Amino acid sequence: MHQYNSFSLFNVPSLQHWQLLFQHHLSPLQPVCHPLLKRHGLTLQIKRDDLLHASISGNKWRKLKYVLRQALSDKAAGVLSFGGAWSNHLHALAAAGHLLGLPTIGIVRGEPEYAGNPTLSDAQGWGMKLEFIDRQGYRRRHDPDFLAGLANRYPGFYFIPEGGSCALALPGVAELWQELPPCDELILPVASGGTLAGLLSARPAGTRVTGYAVLKGKGWLADTVSGLHPPAAGDPGWQLRLDHHGGGYARCNNMDRQAISALSEALAVPLEPIYSGKALLGLFRDIEAGHYAPGSRLIFLHTGGLQGARSYTSSKRSGQEK
Ligand SMILES: *Cc1c(COP(=O)(O)O)cnc(C)c1O
C-alpha cells in the first residue's frame with residue numbers, strides 16, 4: 001500500500017494528473033464456479049473492482065472521480081472528508097490527494113491512538129492531516145454550525161460527505177455499466193447508498209440491481225438512495241436485502257467469518273468480512289433459499305475494501321457502528 005510514498009512527480013494539482021489517475025483503468029470480470037450455482041441454474045461473474053487501482057479501493061475510485069475533478073477545477077485549497085478509523089473512503093481520498101497534489105484532511109471518528117492502524121498510517125504517509133473527534137462530536141458532521149467552524153479553520157477546502165456519497169459521486173459509478181456485458185442481476189454491498197444510487201442512475205432496462213445492506217438499514221437506506229437519485233423512488237428495477245447485516249456494520253460472527261473464508265477459497269476471490277464478504281455470503285444464502293430465478297445471469301460487484309481488513313479481528317472492530 002505504500003508504493004506511492006516516494007512518488008513526488010505529482011506535486012502541483014492539475015487536471016492532467018486527474019486524467020492520468022482516472023482514465024484507462026479497467027477491472028476484470030471473473031467467471032466463478034460453485035456447486036450451489038449449478039444446482040440453481042445460475043451463472044455468476046465477479047466484477048473485480050478490488051483490482052481497479054493499486055491504492056484507491058474499488059468503488060471509492062469511481063465515487064471520487066468527478067468529485068475530485070470538481071475540486072481541481074474549483075482550484076480548491078484541498079479536500080476534507082469524514083470517516084471511521086478503518087475508512088476505505090478516507091484511505092482512498094488520501095491516496096488520490098497524494099497522486100493529484102491536493103492536500104487532504106480526514107476528520108476521524110475515534111481516539112488519536114487509532115492513528116497507528118494500517119489504514120490511517122497509509123493515509124498519513126500520503127500526507128493526509130488527521131483530526132480525531134469522539135462519537136458525540138462526530139454525530140454533528142452534518143450540522144451547519146460544526147461545518148462552518150471547520151470551513152473557518154480550513155478556508156478554501158472542498159468538503160466531501162462521509163463515504164463520498166454526494167451527487168457528483170453518481171456519474172463515476174454509472175460509467176461501470178459500460179464495462180459490463182448484459183446480465184439479469186447486478187449485486188453489490190451497500191452502506192451509505194452512493195454506489196447503488198449511481199448504478200440506478202444508468203440502469204439498463206432488463207437488469208435488476210440488488211443491494212445487500214452491510215449495516216442495519218431498514219427503511220432509511222432506501223430513502224437515502226432515493227435522496228441521492230430521486231427517480232429511484234419509483235423505479236421497480238432494484239431492491240435492498242436488509243437482513244444480511246450480520247448484527248450491524250463491521251460486525252461478523254465466527255461462523256459467518258468461516259463461511260466467508262470458505263467462499264473466498266471456493267471462488268478464488270479475496271474477500272473481507274465488512275463489505276464484499278458479507279454481501280456475497282448474503283447472496284449465496286439467498287441463492288440457497290431460491291431467491292434468484294433459475295437461468296439468471298448474475299454479476300456481483302466486488303467493491304474493494306481489502307485494505308480495511310488488514311487489522312480486522314472481532315475484538316478490534318466489533319464495537320464499531322456506522
Ligand atoms: C464504501 C464501501 C462500500 C459502500 O458503498 P456505498 O456507496 O457507501 O454504499 C462497499 N464496499 C466497499 C469495499 C466500500 O469501501
# chains A, B, ... in the order shown; residues from 1 in each chain; ligands from 1
$ closest_atom_pairs --of "chain A" --to "ligand 1" --cutoff "6 Å" --atoms "only C-alpha atoms and all ligand atoms" --output "tab-separated table"
residue	atom	partner	partner_atom_place_in_ligand_line	distance
A:Asn88	CA	ligand 1	15 (O)	4.7
A:Gly163	CA	ligand 1	8 (O)	5.2
A:Pro189	CA	ligand 1	10 (C)	5.2
A:Val190	CA	ligand 1	9 (O)	3.8
A:Ala191	CA	ligand 1	9 (O)	3.7
A:Ser192	CA	ligand 1	8 (O)	3.5
A:Gly193	CA	ligand 1	9 (O)	3.6
A:Gly194	CA	ligand 1	7 (O)	3.7
A:Thr195	CA	ligand 1	7 (O)	3.7
A:Tyr275	CA	ligand 1	11 (N)	4.8
A:Thr303	CA	ligand 1	13 (C)	4.5
A:Gly304	CA	ligand 1	13 (C)	4.2
A:Gly305	CA	ligand 1	13 (C)	3.5
$ write_last_selection --atoms "N, CA and C atoms" --output "PDB file, in the first residue's frame"
ATOM      1  N   ASN A  88     -12.370   3.058   4.273  1.00  0.00           N
ATOM      2  CA  ASN A  88     -11.837   2.913   2.911  1.00  0.00           C
ATOM      3  C   ASN A  88     -11.909   4.244   2.170  1.00  0.00           C
ATOM      4  N   GLY A 163     -18.105   8.717   3.377  1.00  0.00           N
ATOM      5  CA  GLY A 163     -18.309   7.680   2.366  1.00  0.00           C
ATOM      6  C   GLY A 163     -18.242   8.220   0.947  1.00  0.00           C
ATOM      7  N   PRO A 189     -22.650  -4.794  -2.336  1.00  0.00           N
ATOM      8  CA  PRO A 189     -22.840  -4.377  -0.946  1.00  0.00           C
ATOM      9  C   PRO A 189     -23.233  -2.913  -0.874  1.00  0.00           C
ATOM     10  N   VAL A 190     -23.999  -2.558   0.145  1.00  0.00           N
ATOM     11  CA  VAL A 190     -24.477  -1.175   0.279  1.00  0.00           C
ATOM     12  C   VAL A 190     -24.244  -0.679   1.709  1.00  0.00           C
ATOM     13  N   ALA A 191     -23.663   0.515   1.812  1.00  0.00           N
ATOM     14  CA  ALA A 191     -23.536   1.148   3.134  1.00  0.00           C
ATOM     15  C   ALA A 191     -24.183   2.529   3.113  1.00  0.00           C
ATOM     16  N   SER A 192     -23.502   3.520   2.513  1.00  0.00           N
ATOM     17  CA  SER A 192     -24.112   4.849   2.503  1.00  0.00           C
ATOM     18  C   SER A 192     -24.999   5.062   1.276  1.00  0.00           C
ATOM     19  N   GLY A 193     -25.027   4.110   0.358  1.00  0.00           N
ATOM     20  CA  GLY A 193     -26.003   4.126  -0.724  1.00  0.00           C
ATOM     21  C   GLY A 193     -25.570   4.828  -2.004  1.00  0.00           C
ATOM     22  N   GLY A 194     -24.416   5.485  -2.004  1.00  0.00           N
ATOM     23  CA  GLY A 194     -23.997   6.245  -3.178  1.00  0.00           C
ATOM     24  C   GLY A 194     -23.692   5.370  -4.390  1.00  0.00           C
ATOM     25  N   THR A 195     -23.082   4.223  -4.144  1.00  0.00           N
ATOM     26  CA  THR A 195     -22.744   3.340  -5.258  1.00  0.00           C
ATOM     27  C   THR A 195     -24.019   2.802  -5.903  1.00  0.00           C
ATOM     28  N   TYR A 275     -17.665  -5.731   3.778  1.00  0.00           N
ATOM     29  CA  TYR A 275     -18.482  -5.395   2.605  1.00  0.00           C
ATOM     30  C   TYR A 275     -18.629  -6.588   1.655  1.00  0.00           C
ATOM     31  N   THR A 303     -16.554  -4.471  -4.527  1.00  0.00           N
ATOM     32  CA  THR A 303     -16.307  -3.038  -4.379  1.00  0.00           C
ATOM     33  C   THR A 303     -14.937  -2.717  -3.783  1.00  0.00           C
ATOM     34  N   GLY A 304     -14.139  -3.745  -3.512  1.00  0.00           N
ATOM     35  CA  GLY A 304     -12.793  -3.492  -2.965  1.00  0.00           C
ATOM     36  C   GLY A 304     -12.787  -3.596  -1.453  1.00  0.00           C
ATOM     37  N   GLY A 305     -12.071  -2.699  -0.797  1.00  0.00           N
ATOM     38  CA  GLY A 305     -12.113  -2.639   0.662  1.00  0.00           C
ATOM     39  C   GLY A 305     -11.160  -3.588   1.367  1.00  0.00           C
TER      40      GLY A 305
END
$ select_by_dssp --residues "segment 140-273 of chain A" --states "strand (DSSP E or B)" --output "list of chain:residue names"
A:Phe157, A:Tyr158, A:Phe159, A:Glu185, A:Leu186, A:Ile187, A:Leu188, A:Pro189, A:Val190, A:Arg208, A:Val209, A:Thr210, A:Gly211, A:Tyr212, A:Ala213, A:Trp238, A:Gln239, A:Leu240, A:Arg241
$ residues_around --residues "Ala222 of chain A" --least-positions-apart "2" --cutoff "12 Å" --atoms "only C-alpha atoms" --output "CSV table (one decimal) with N, CA, C and O atoms, in the first residue's frame"
chain,number,residue,atom,x,y,z
A,190,VAL,N,-24.0,-2.6,0.1
A,190,VAL,CA,-24.5,-1.2,0.3
A,190,VAL,C,-24.2,-0.7,1.7
A,190,VAL,O,-24.6,-1.4,2.7
A,191,ALA,N,-23.7,0.5,1.8
A,191,ALA,CA,-23.5,1.1,3.1
A,191,ALA,C,-24.2,2.5,3.1
A,191,ALA,O,-25.3,2.7,3.6
A,192,SER,N,-23.5,3.5,2.5
A,192,SER,CA,-24.1,4.8,2.5
A,192,SER,C,-25.0,5.1,1.3
A,192,SER,O,-25.7,6.1,1.2
A,193,GLY,N,-25.0,4.1,0.4
A,193,GLY,CA,-26.0,4.1,-0.7
A,193,GLY,C,-25.6,4.8,-2.0
A,193,GLY,O,-26.3,4.8,-3.0
A,194,GLY,N,-24.4,5.5,-2.0
A,194,GLY,CA,-24.0,6.2,-3.2
A,194,GLY,C,-23.7,5.4,-4.4
A,194,GLY,O,-24.0,5.7,-5.5
A,196,LEU,N,-24.9,2.4,-5.1
A,196,LEU,CA,-26.2,1.9,-5.6
A,196,LEU,C,-27.0,3.0,-6.3
A,196,LEU,O,-27.5,2.7,-7.5
A,197,ALA,N,-27.0,4.2,-5.8
A,197,ALA,CA,-27.7,5.3,-6.5
A,197,ALA,C,-27.0,5.6,-7.8
A,197,ALA,O,-27.7,5.8,-8.8
A,210,THR,N,-29.6,-5.4,-7.1
A,210,THR,CA,-29.9,-5.9,-5.8
A,210,THR,C,-28.8,-5.5,-4.8
A,210,THR,O,-27.6,-5.9,-5.1
A,211,GLY,N,-29.1,-4.7,-3.8
A,211,GLY,CA,-28.1,-4.3,-2.9
A,211,GLY,C,-28.2,-5.0,-1.6
A,211,GLY,O,-29.3,-5.1,-1.0
A,212,TYR,N,-27.1,-5.5,-1.0
A,212,TYR,CA,-27.1,-6.1,0.3
A,212,TYR,C,-26.6,-5.1,1.3
A,212,TYR,O,-25.4,-4.7,1.3
A,213,ALA,N,-27.5,-4.7,2.2
A,213,ALA,CA,-27.1,-3.8,3.2
A,213,ALA,C,-26.1,-4.4,4.2
A,213,ALA,O,-26.4,-5.5,4.7
A,216,LYS,N,-27.4,-2.1,9.6
A,216,LYS,CA,-28.9,-2.2,9.9
A,216,LYS,C,-29.6,-1.0,9.2
A,216,LYS,O,-29.6,0.1,9.7
A,217,GLY,N,-30.1,-1.2,8.0
A,217,GLY,CA,-30.6,-0.1,7.2
A,217,GLY,C,-32.0,0.2,7.3
A,217,GLY,O,-32.5,1.3,7.3
A,218,LYS,N,-32.8,-0.9,7.4
A,218,LYS,CA,-34.3,-0.8,7.4
A,218,LYS,C,-34.8,0.3,6.4
A,218,LYS,O,-34.2,0.4,5.3
A,219,GLY,N,-35.8,1.1,6.8
A,219,GLY,CA,-36.4,2.0,5.9
A,219,GLY,C,-35.5,3.1,5.4
A,219,GLY,O,-35.5,3.5,4.2
A,220,TRP,N,-34.6,3.7,6.2
A,220,TRP,CA,-33.9,4.9,5.8
A,220,TRP,C,-32.9,4.7,4.7
A,220,TRP,O,-32.6,5.6,3.9
A,224,THR,N,-32.4,7.0,1.5
A,224,THR,CA,-31.1,7.7,1.2
A,224,THR,C,-30.7,7.5,-0.2
A,224,THR,O,-30.3,8.5,-0.9
A,225,VAL,N,-31.0,6.3,-0.8
A,225,VAL,CA,-30.7,6.1,-2.2
A,225,VAL,C,-31.6,7.0,-3.0
A,225,VAL,O,-31.1,7.6,-4.0
A,226,SER,N,-32.9,7.0,-2.7
A,226,SER,CA,-33.8,7.9,-3.4
A,226,SER,C,-33.4,9.4,-3.3
A,226,SER,O,-33.7,10.2,-4.2
A,227,GLY,N,-32.9,9.7,-2.1
A,227,GLY,CA,-32.4,11.1,-1.9
A,227,GLY,C,-31.3,11.5,-2.8
A,227,GLY,O,-31.2,12.6,-3.4
A,228,LEU,N,-30.4,10.5,-3.1
A,228,LEU,CA,-29.3,10.8,-4.0
A,228,LEU,C,-29.7,10.7,-5.5
A,228,LEU,O,-29.1,11.4,-6.3
A,229,HIS,N,-30.7,9.9,-5.7
A,229,HIS,CA,-31.2,9.7,-7.1
A,229,HIS,C,-32.7,9.6,-7.1
A,229,HIS,O,-33.2,8.5,-7.0
A,230,PRO,N,-33.4,10.7,-7.1
A,230,PRO,CA,-34.9,10.7,-6.9
A,230,PRO,C,-35.7,9.7,-7.7
A,230,PRO,O,-36.6,9.1,-7.2
A,231,PRO,N,-35.3,9.5,-9.0
A,231,PRO,CA,-36.1,8.6,-9.8
A,231,PRO,C,-36.1,7.2,-9.2
A,231,PRO,O,-37.0,6.3,-9.6
A,232,ALA,N,-35.1,6.9,-8.4
A,232,ALA,CA,-35.1,5.5,-7.8
A,232,ALA,C,-36.3,5.2,-7.0
A,232,ALA,O,-36.8,4.0,-6.9
A,233,ALA,N,-37.0,6.3,-6.4
A,233,ALA,CA,-38.2,6.0,-5.6
A,233,ALA,C,-39.3,5.3,-6.4
A,233,ALA,O,-40.0,4.5,-5.9
A,234,GLY,N,-39.4,5.6,-7.7
A,234,GLY,CA,-40.5,5.0,-8.5
A,234,GLY,C,-40.0,3.9,-9.4
A,234,GLY,O,-40.7,3.4,-10.3
A,235,ASP,N,-38.7,3.5,-9.2
A,235,ASP,CA,-38.1,2.5,-10.2
A,235,ASP,C,-38.2,1.1,-9.6
A,235,ASP,O,-37.7,0.8,-8.5
A,238,TRP,N,-35.0,-2.4,-8.8
A,238,TRP,CA,-34.0,-2.6,-7.8
A,238,TRP,C,-34.6,-3.0,-6.4
A,238,TRP,O,-35.8,-2.8,-6.2
A,239,GLN,N,-33.8,-3.6,-5.6
A,239,GLN,CA,-34.3,-4.0,-4.3
A,239,GLN,C,-33.1,-4.0,-3.3
A,239,GLN,O,-31.9,-4.1,-3.7
A,240,LEU,N,-33.4,-3.8,-2.0
A,240,LEU,CA,-32.4,-3.9,-1.0
A,240,LEU,C,-32.7,-5.1,-0.2
A,240,LEU,O,-33.9,-5.4,0.2
A,241,ARG,N,-31.7,-5.9,0.1
A,241,ARG,CA,-31.8,-7.0,1.1
A,241,ARG,C,-31.3,-6.5,2.4
A,241,ARG,O,-30.1,-6.2,2.5
A,242,LEU,N,-32.1,-6.5,3.4
A,242,LEU,CA,-31.8,-5.8,4.6
A,242,LEU,C,-31.5,-6.7,5.8
A,242,LEU,O,-31.2,-6.3,6.9
$ select_by_dssp --residues "segment 49-85 of chain A" --states "helix (DSSP H, G or I)" --output "MDAnalysis selection string"
chainID A and resid 49:51 58:73
$ write_last_selection --atoms "all heavy atoms" --output "compact mmCIF listing (two decimals), in the first residue's frame"
# COMPACT_ATOMS: atom_id res chain seq x y z
N ASP A 49 -13.63 -4.93 -9.05
CA ASP A 49 -13.21 -3.54 -8.83
C ASP A 49 -12.18 -3.43 -7.71
O ASP A 49 -11.58 -2.37 -7.54
CB ASP A 49 -14.42 -2.64 -8.55
CG ASP A 49 -14.92 -1.93 -9.80
OD1 ASP A 49 -14.44 -2.28 -10.90
OD2 ASP A 49 -15.78 -1.04 -9.69
N ASP A 50 -11.99 -4.52 -6.96
CA ASP A 50 -10.90 -4.50 -5.98
C ASP A 50 -9.54 -4.41 -6.69
O ASP A 50 -8.54 -4.05 -6.08
CB ASP A 50 -10.94 -5.75 -5.08
CG ASP A 50 -10.93 -7.05 -5.88
OD1 ASP A 50 -11.73 -7.18 -6.84
OD2 ASP A 50 -10.12 -7.94 -5.56
N LEU A 51 -9.54 -4.73 -7.99
CA LEU A 51 -8.29 -4.67 -8.77
C LEU A 51 -8.20 -3.42 -9.65
O LEU A 51 -7.30 -3.30 -10.47
CB LEU A 51 -8.16 -5.92 -9.66
CG LEU A 51 -8.10 -7.25 -8.93
CD1 LEU A 51 -8.13 -8.42 -9.92
CD2 LEU A 51 -6.85 -7.34 -8.07
N GLY A 58 -11.73 0.09 -4.99
CA GLY A 58 -12.79 -0.04 -5.99
C GLY A 58 -13.83 1.06 -6.13
O GLY A 58 -13.69 1.97 -6.94
N ASN A 59 -14.88 0.96 -5.35
CA ASN A 59 -15.98 1.90 -5.59
C ASN A 59 -15.60 3.32 -5.18
O ASN A 59 -16.21 4.28 -5.65
CB ASN A 59 -17.28 1.43 -4.93
CG ASN A 59 -17.25 1.49 -3.42
OD1 ASN A 59 -16.19 1.41 -2.80
ND2 ASN A 59 -18.42 1.63 -2.81
N LYS A 60 -14.57 3.46 -4.33
CA LYS A 60 -14.19 4.82 -3.94
C LYS A 60 -13.50 5.54 -5.10
O LYS A 60 -13.63 6.75 -5.25
CB LYS A 60 -13.30 4.78 -2.70
CG LYS A 60 -13.95 4.10 -1.50
CD LYS A 60 -15.30 4.73 -1.13
CE LYS A 60 -15.90 4.17 0.13
NZ LYS A 60 -16.54 2.86 0.00
N TRP A 61 -12.77 4.80 -5.90
CA TRP A 61 -12.17 5.37 -7.11
C TRP A 61 -13.27 5.94 -8.01
O TRP A 61 -13.21 7.07 -8.49
CB TRP A 61 -11.38 4.27 -7.83
CG TRP A 61 -10.60 4.66 -9.05
CD1 TRP A 61 -9.30 5.05 -9.10
CD2 TRP A 61 -11.09 4.68 -10.41
NE1 TRP A 61 -8.93 5.31 -10.40
CE2 TRP A 61 -10.00 5.10 -11.23
CE3 TRP A 61 -12.31 4.39 -11.02
CZ2 TRP A 61 -10.12 5.22 -12.61
CZ3 TRP A 61 -12.43 4.53 -12.40
CH2 TRP A 61 -11.33 4.94 -13.17
N ARG A 62 -14.33 5.14 -8.19
CA ARG A 62 -15.44 5.60 -9.06
C ARG A 62 -16.18 6.78 -8.44
O ARG A 62 -16.56 7.73 -9.13
CB ARG A 62 -16.40 4.44 -9.33
CG ARG A 62 -15.73 3.28 -10.09
CD ARG A 62 -16.77 2.27 -10.55
NE ARG A 62 -16.13 1.08 -11.12
CZ ARG A 62 -15.76 0.95 -12.40
NH1 ARG A 62 -15.96 1.93 -13.26
NH2 ARG A 62 -15.20 -0.17 -12.83
N LYS A 63 -16.40 6.71 -7.12
CA LYS A 63 -17.17 7.77 -6.47
C LYS A 63 -16.39 9.08 -6.40
O LYS A 63 -16.99 10.16 -6.45
CB LYS A 63 -17.57 7.32 -5.05
CG LYS A 63 -18.61 6.21 -5.05
CD LYS A 63 -18.82 5.64 -3.66
CE LYS A 63 -19.73 6.52 -2.83
NZ LYS A 63 -20.07 5.85 -1.54
N LEU A 64 -15.07 8.99 -6.24
CA LEU A 64 -14.27 10.22 -6.10
C LEU A 64 -13.96 10.88 -7.43
O LEU A 64 -13.60 12.06 -7.48
CB LEU A 64 -12.95 9.90 -5.38
CG LEU A 64 -13.05 9.65 -3.87
CD1 LEU A 64 -11.72 9.12 -3.33
CD2 LEU A 64 -13.45 10.94 -3.14
N LYS A 65 -14.11 10.12 -8.51
CA LYS A 65 -13.64 10.59 -9.81
C LYS A 65 -14.09 12.02 -10.13
O LYS A 65 -13.27 12.92 -10.33
CB LYS A 65 -14.11 9.61 -10.90
CG LYS A 65 -13.63 9.96 -12.29
CD LYS A 65 -14.02 8.85 -13.28
CE LYS A 65 -13.49 9.18 -14.67
NZ LYS A 65 -13.82 8.12 -15.65
N TYR A 66 -15.39 12.26 -10.20
CA TYR A 66 -15.87 13.58 -10.62
C TYR A 66 -15.90 14.59 -9.48
O TYR A 66 -15.87 15.80 -9.71
CB TYR A 66 -17.22 13.46 -11.33
CG TYR A 66 -17.03 12.73 -12.65
CD1 TYR A 66 -17.39 11.39 -12.80
CD2 TYR A 66 -16.38 13.36 -13.71
CE1 TYR A 66 -17.16 10.71 -13.99
CE2 TYR A 66 -16.14 12.69 -14.90
CZ TYR A 66 -16.53 11.36 -15.04
OH TYR A 66 -16.28 10.70 -16.21
N VAL A 67 -15.94 14.08 -8.25
CA VAL A 67 -15.84 14.98 -7.10
C VAL A 67 -14.47 15.66 -7.11
O VAL A 67 -14.36 16.88 -6.93
CB VAL A 67 -16.02 14.16 -5.79
CG1 VAL A 67 -15.79 15.05 -4.58
CG2 VAL A 67 -17.41 13.53 -5.74
N LEU A 68 -13.44 14.89 -7.37
CA LEU A 68 -12.08 15.46 -7.35
C LEU A 68 -11.83 16.34 -8.58
O LEU A 68 -11.10 17.32 -8.50
CB LEU A 68 -11.03 14.35 -7.24
CG LEU A 68 -11.05 13.64 -5.88
CD1 LEU A 68 -10.07 12.48 -5.86
CD2 LEU A 68 -10.74 14.62 -4.74
N ARG A 69 -12.45 16.00 -9.69
CA ARG A 69 -12.30 16.88 -10.85
C ARG A 69 -12.90 18.26 -10.53
O ARG A 69 -12.34 19.30 -10.88
CB ARG A 69 -12.97 16.30 -12.10
CG ARG A 69 -12.59 17.12 -13.34
CD ARG A 69 -13.09 16.54 -14.62
NE ARG A 69 -14.54 16.70 -14.75
CZ ARG A 69 -15.23 16.37 -15.82
NH1 ARG A 69 -14.62 15.83 -16.87
NH2 ARG A 69 -16.52 16.53 -15.86
N GLN A 70 -14.05 18.22 -9.83
CA GLN A 70 -14.68 19.48 -9.43
C GLN A 70 -13.77 20.27 -8.49
O GLN A 70 -13.58 21.47 -8.67
CB GLN A 70 -16.02 19.18 -8.74
CG GLN A 70 -16.87 20.41 -8.49
CD GLN A 70 -17.33 21.03 -9.82
OE1 GLN A 70 -17.76 20.32 -10.72
NE2 GLN A 70 -17.20 22.35 -9.94
N ALA A 71 -13.20 19.57 -7.50
CA ALA A 71 -12.31 20.26 -6.55
C ALA A 71 -11.14 20.89 -7.28
O ALA A 71 -10.74 22.01 -6.98
CB ALA A 71 -11.82 19.27 -5.49
N LEU A 72 -10.60 20.18 -8.27
CA LEU A 72 -9.46 20.72 -9.03
C LEU A 72 -9.90 21.90 -9.88
O LEU A 72 -9.20 22.93 -9.93
CB LEU A 72 -8.86 19.63 -9.93
CG LEU A 72 -8.04 18.54 -9.23
CD1 LEU A 72 -7.75 17.40 -10.20
CD2 LEU A 72 -6.74 19.12 -8.67
N SER A 73 -11.05 21.77 -10.55
CA SER A 73 -11.42 22.89 -11.42
C SER A 73 -11.88 24.09 -10.61
O SER A 73 -11.77 25.22 -11.06
CB SER A 73 -12.40 22.46 -12.52
OG SER A 73 -13.54 21.92 -11.96
$ residues_around --residues "Pro270 of chain A" --least-positions-apart "6" --cutoff "10 Å" --atoms "only C-alpha atoms" --output "list in words"
Arg48, Asp50, Ile260, Ser261, Leu263, Ser264, Ser276, Gly277, His302, Gly304 and Leu306 of chain A
$ closest_atom_pairs --of "segment 184-248 of chain A" --to "segment 283-300 of chain A" --cutoff "6 Å" --atoms "only C-alpha atoms" --output "CSV"
residue,atom,partner,partner_atom,distance
A:Asp184,CA,A:Arg297,CA,5.2
A:Glu185,CA,A:Leu298,CA,4.9
A:Leu186,CA,A:Ile299,CA,4.9
A:Ile187,CA,A:Phe300,CA,4.7
A:Leu188,CA,A:Phe300,CA,5.9
$ closest_residue --among "A:Lys38, A:His17, A:Arg208, A:Lys129" --to "Val79 of chain A" --atoms "only C-alpha atoms"
A:Lys129
$ closest_residue --among "A:Trp18, A:Gly237, A:Leu36, A:His91" --to "Asp122 of chain A" --atoms "only C-alpha atoms"
A:His91
$ closest_residue --among "A:Asp223, A:Lys75, A:Val269, A:Gln307" --to "Ala123 of chain A" --atoms "only C-alpha atoms"
A:Gln307
$ residues_around --residues "Val108 of chain A" --least-positions-apart "3" --cutoff "9 Å" --atoms "only C-alpha atoms" --output "list in words"
Ser81, Phe82, Gly83, Gly84, Ala85, Ser87, Leu90, Glu111, Pro112, Leu130, Glu131, Phe132, Ile133, Asp134 and Tyr138 of chain A
$ residues_around --residues "Asn117 of chain A" --least-positions-apart "2" --cutoff "10 Å" --atoms "only C-alpha atoms" --output "PyMOL selection string"
chain A and resi 85-86+113-115+119-123+308+310-311
$ write_last_selection --atoms "N, CA and C atoms" --output "PDB file, in the first residue's frame"
ATOM      1  N   ALA A  85     -12.146   4.968  11.704  1.00  0.00           N
ATOM      2  CA  ALA A  85     -10.700   4.741  11.788  1.00  0.00           C
ATOM      3  C   ALA A  85     -10.186   3.717  10.764  1.00  0.00           C
ATOM      4  N   TRP A  86     -11.111   2.942  10.151  1.00  0.00           N
ATOM      5  CA  TRP A  86     -10.680   1.983   9.126  1.00  0.00           C
ATOM      6  C   TRP A  86     -11.292   2.354   7.767  1.00  0.00           C
ATOM      7  N   GLU A 113      -5.281   7.356  19.312  1.00  0.00           N
ATOM      8  CA  GLU A 113      -4.398   6.170  19.230  1.00  0.00           C
ATOM      9  C   GLU A 113      -4.675   5.305  18.002  1.00  0.00           C
ATOM     10  N   TYR A 114      -5.829   5.499  17.358  1.00  0.00           N
ATOM     11  CA  TYR A 114      -6.088   4.776  16.104  1.00  0.00           C
ATOM     12  C   TYR A 114      -5.113   5.188  14.995  1.00  0.00           C
ATOM     13  N   ALA A 115      -4.452   6.330  15.180  1.00  0.00           N
ATOM     14  CA  ALA A 115      -3.586   6.861  14.123  1.00  0.00           C
ATOM     15  C   ALA A 115      -2.526   5.859  13.677  1.00  0.00           C
ATOM     16  N   THR A 119      -4.677   1.542   8.125  1.00  0.00           N
ATOM     17  CA  THR A 119      -5.439   2.459   7.275  1.00  0.00           C
ATOM     18  C   THR A 119      -4.962   3.897   7.460  1.00  0.00           C
ATOM     19  N   LEU A 120      -4.889   4.321   8.714  1.00  0.00           N
ATOM     20  CA  LEU A 120      -4.542   5.714   8.978  1.00  0.00           C
ATOM     21  C   LEU A 120      -3.043   5.963   8.823  1.00  0.00           C
ATOM     22  N   SER A 121      -2.224   4.933   9.017  1.00  0.00           N
ATOM     23  CA  SER A 121      -0.784   5.097   8.743  1.00  0.00           C
ATOM     24  C   SER A 121      -0.557   5.366   7.261  1.00  0.00           C
ATOM     25  N   ASP A 122      -1.241   4.581   6.423  1.00  0.00           N
ATOM     26  CA  ASP A 122      -1.144   4.836   4.977  1.00  0.00           C
ATOM     27  C   ASP A 122      -1.584   6.264   4.664  1.00  0.00           C
ATOM     28  N   ALA A 123      -2.739   6.637   5.235  1.00  0.00           N
ATOM     29  CA  ALA A 123      -3.317   7.951   4.923  1.00  0.00           C
ATOM     30  C   ALA A 123      -2.341   9.065   5.300  1.00  0.00           C
ATOM     31  N   GLY A 308      -9.038  -2.410   4.402  1.00  0.00           N
ATOM     32  CA  GLY A 308      -9.669  -2.206   5.709  1.00  0.00           C
ATOM     33  C   GLY A 308      -9.646  -3.455   6.569  1.00  0.00           C
ATOM     34  N   ARG A 310      -7.061  -5.399   6.983  1.00  0.00           N
ATOM     35  CA  ARG A 310      -5.715  -5.767   7.425  1.00  0.00           C
ATOM     36  C   ARG A 310      -5.606  -5.919   8.937  1.00  0.00           C
ATOM     37  N   SER A 311      -6.388  -5.125   9.667  1.00  0.00           N
ATOM     38  CA  SER A 311      -6.301  -5.266  11.124  1.00  0.00           C
ATOM     39  C   SER A 311      -7.612  -5.782  11.682  1.00  0.00           C
TER      40      SER A 311
END
$ atom_distance --atom1 "atom CA of Gly97 of chain A" --atom2 "atom CA of Pro273 of chain A"
27.2 Å
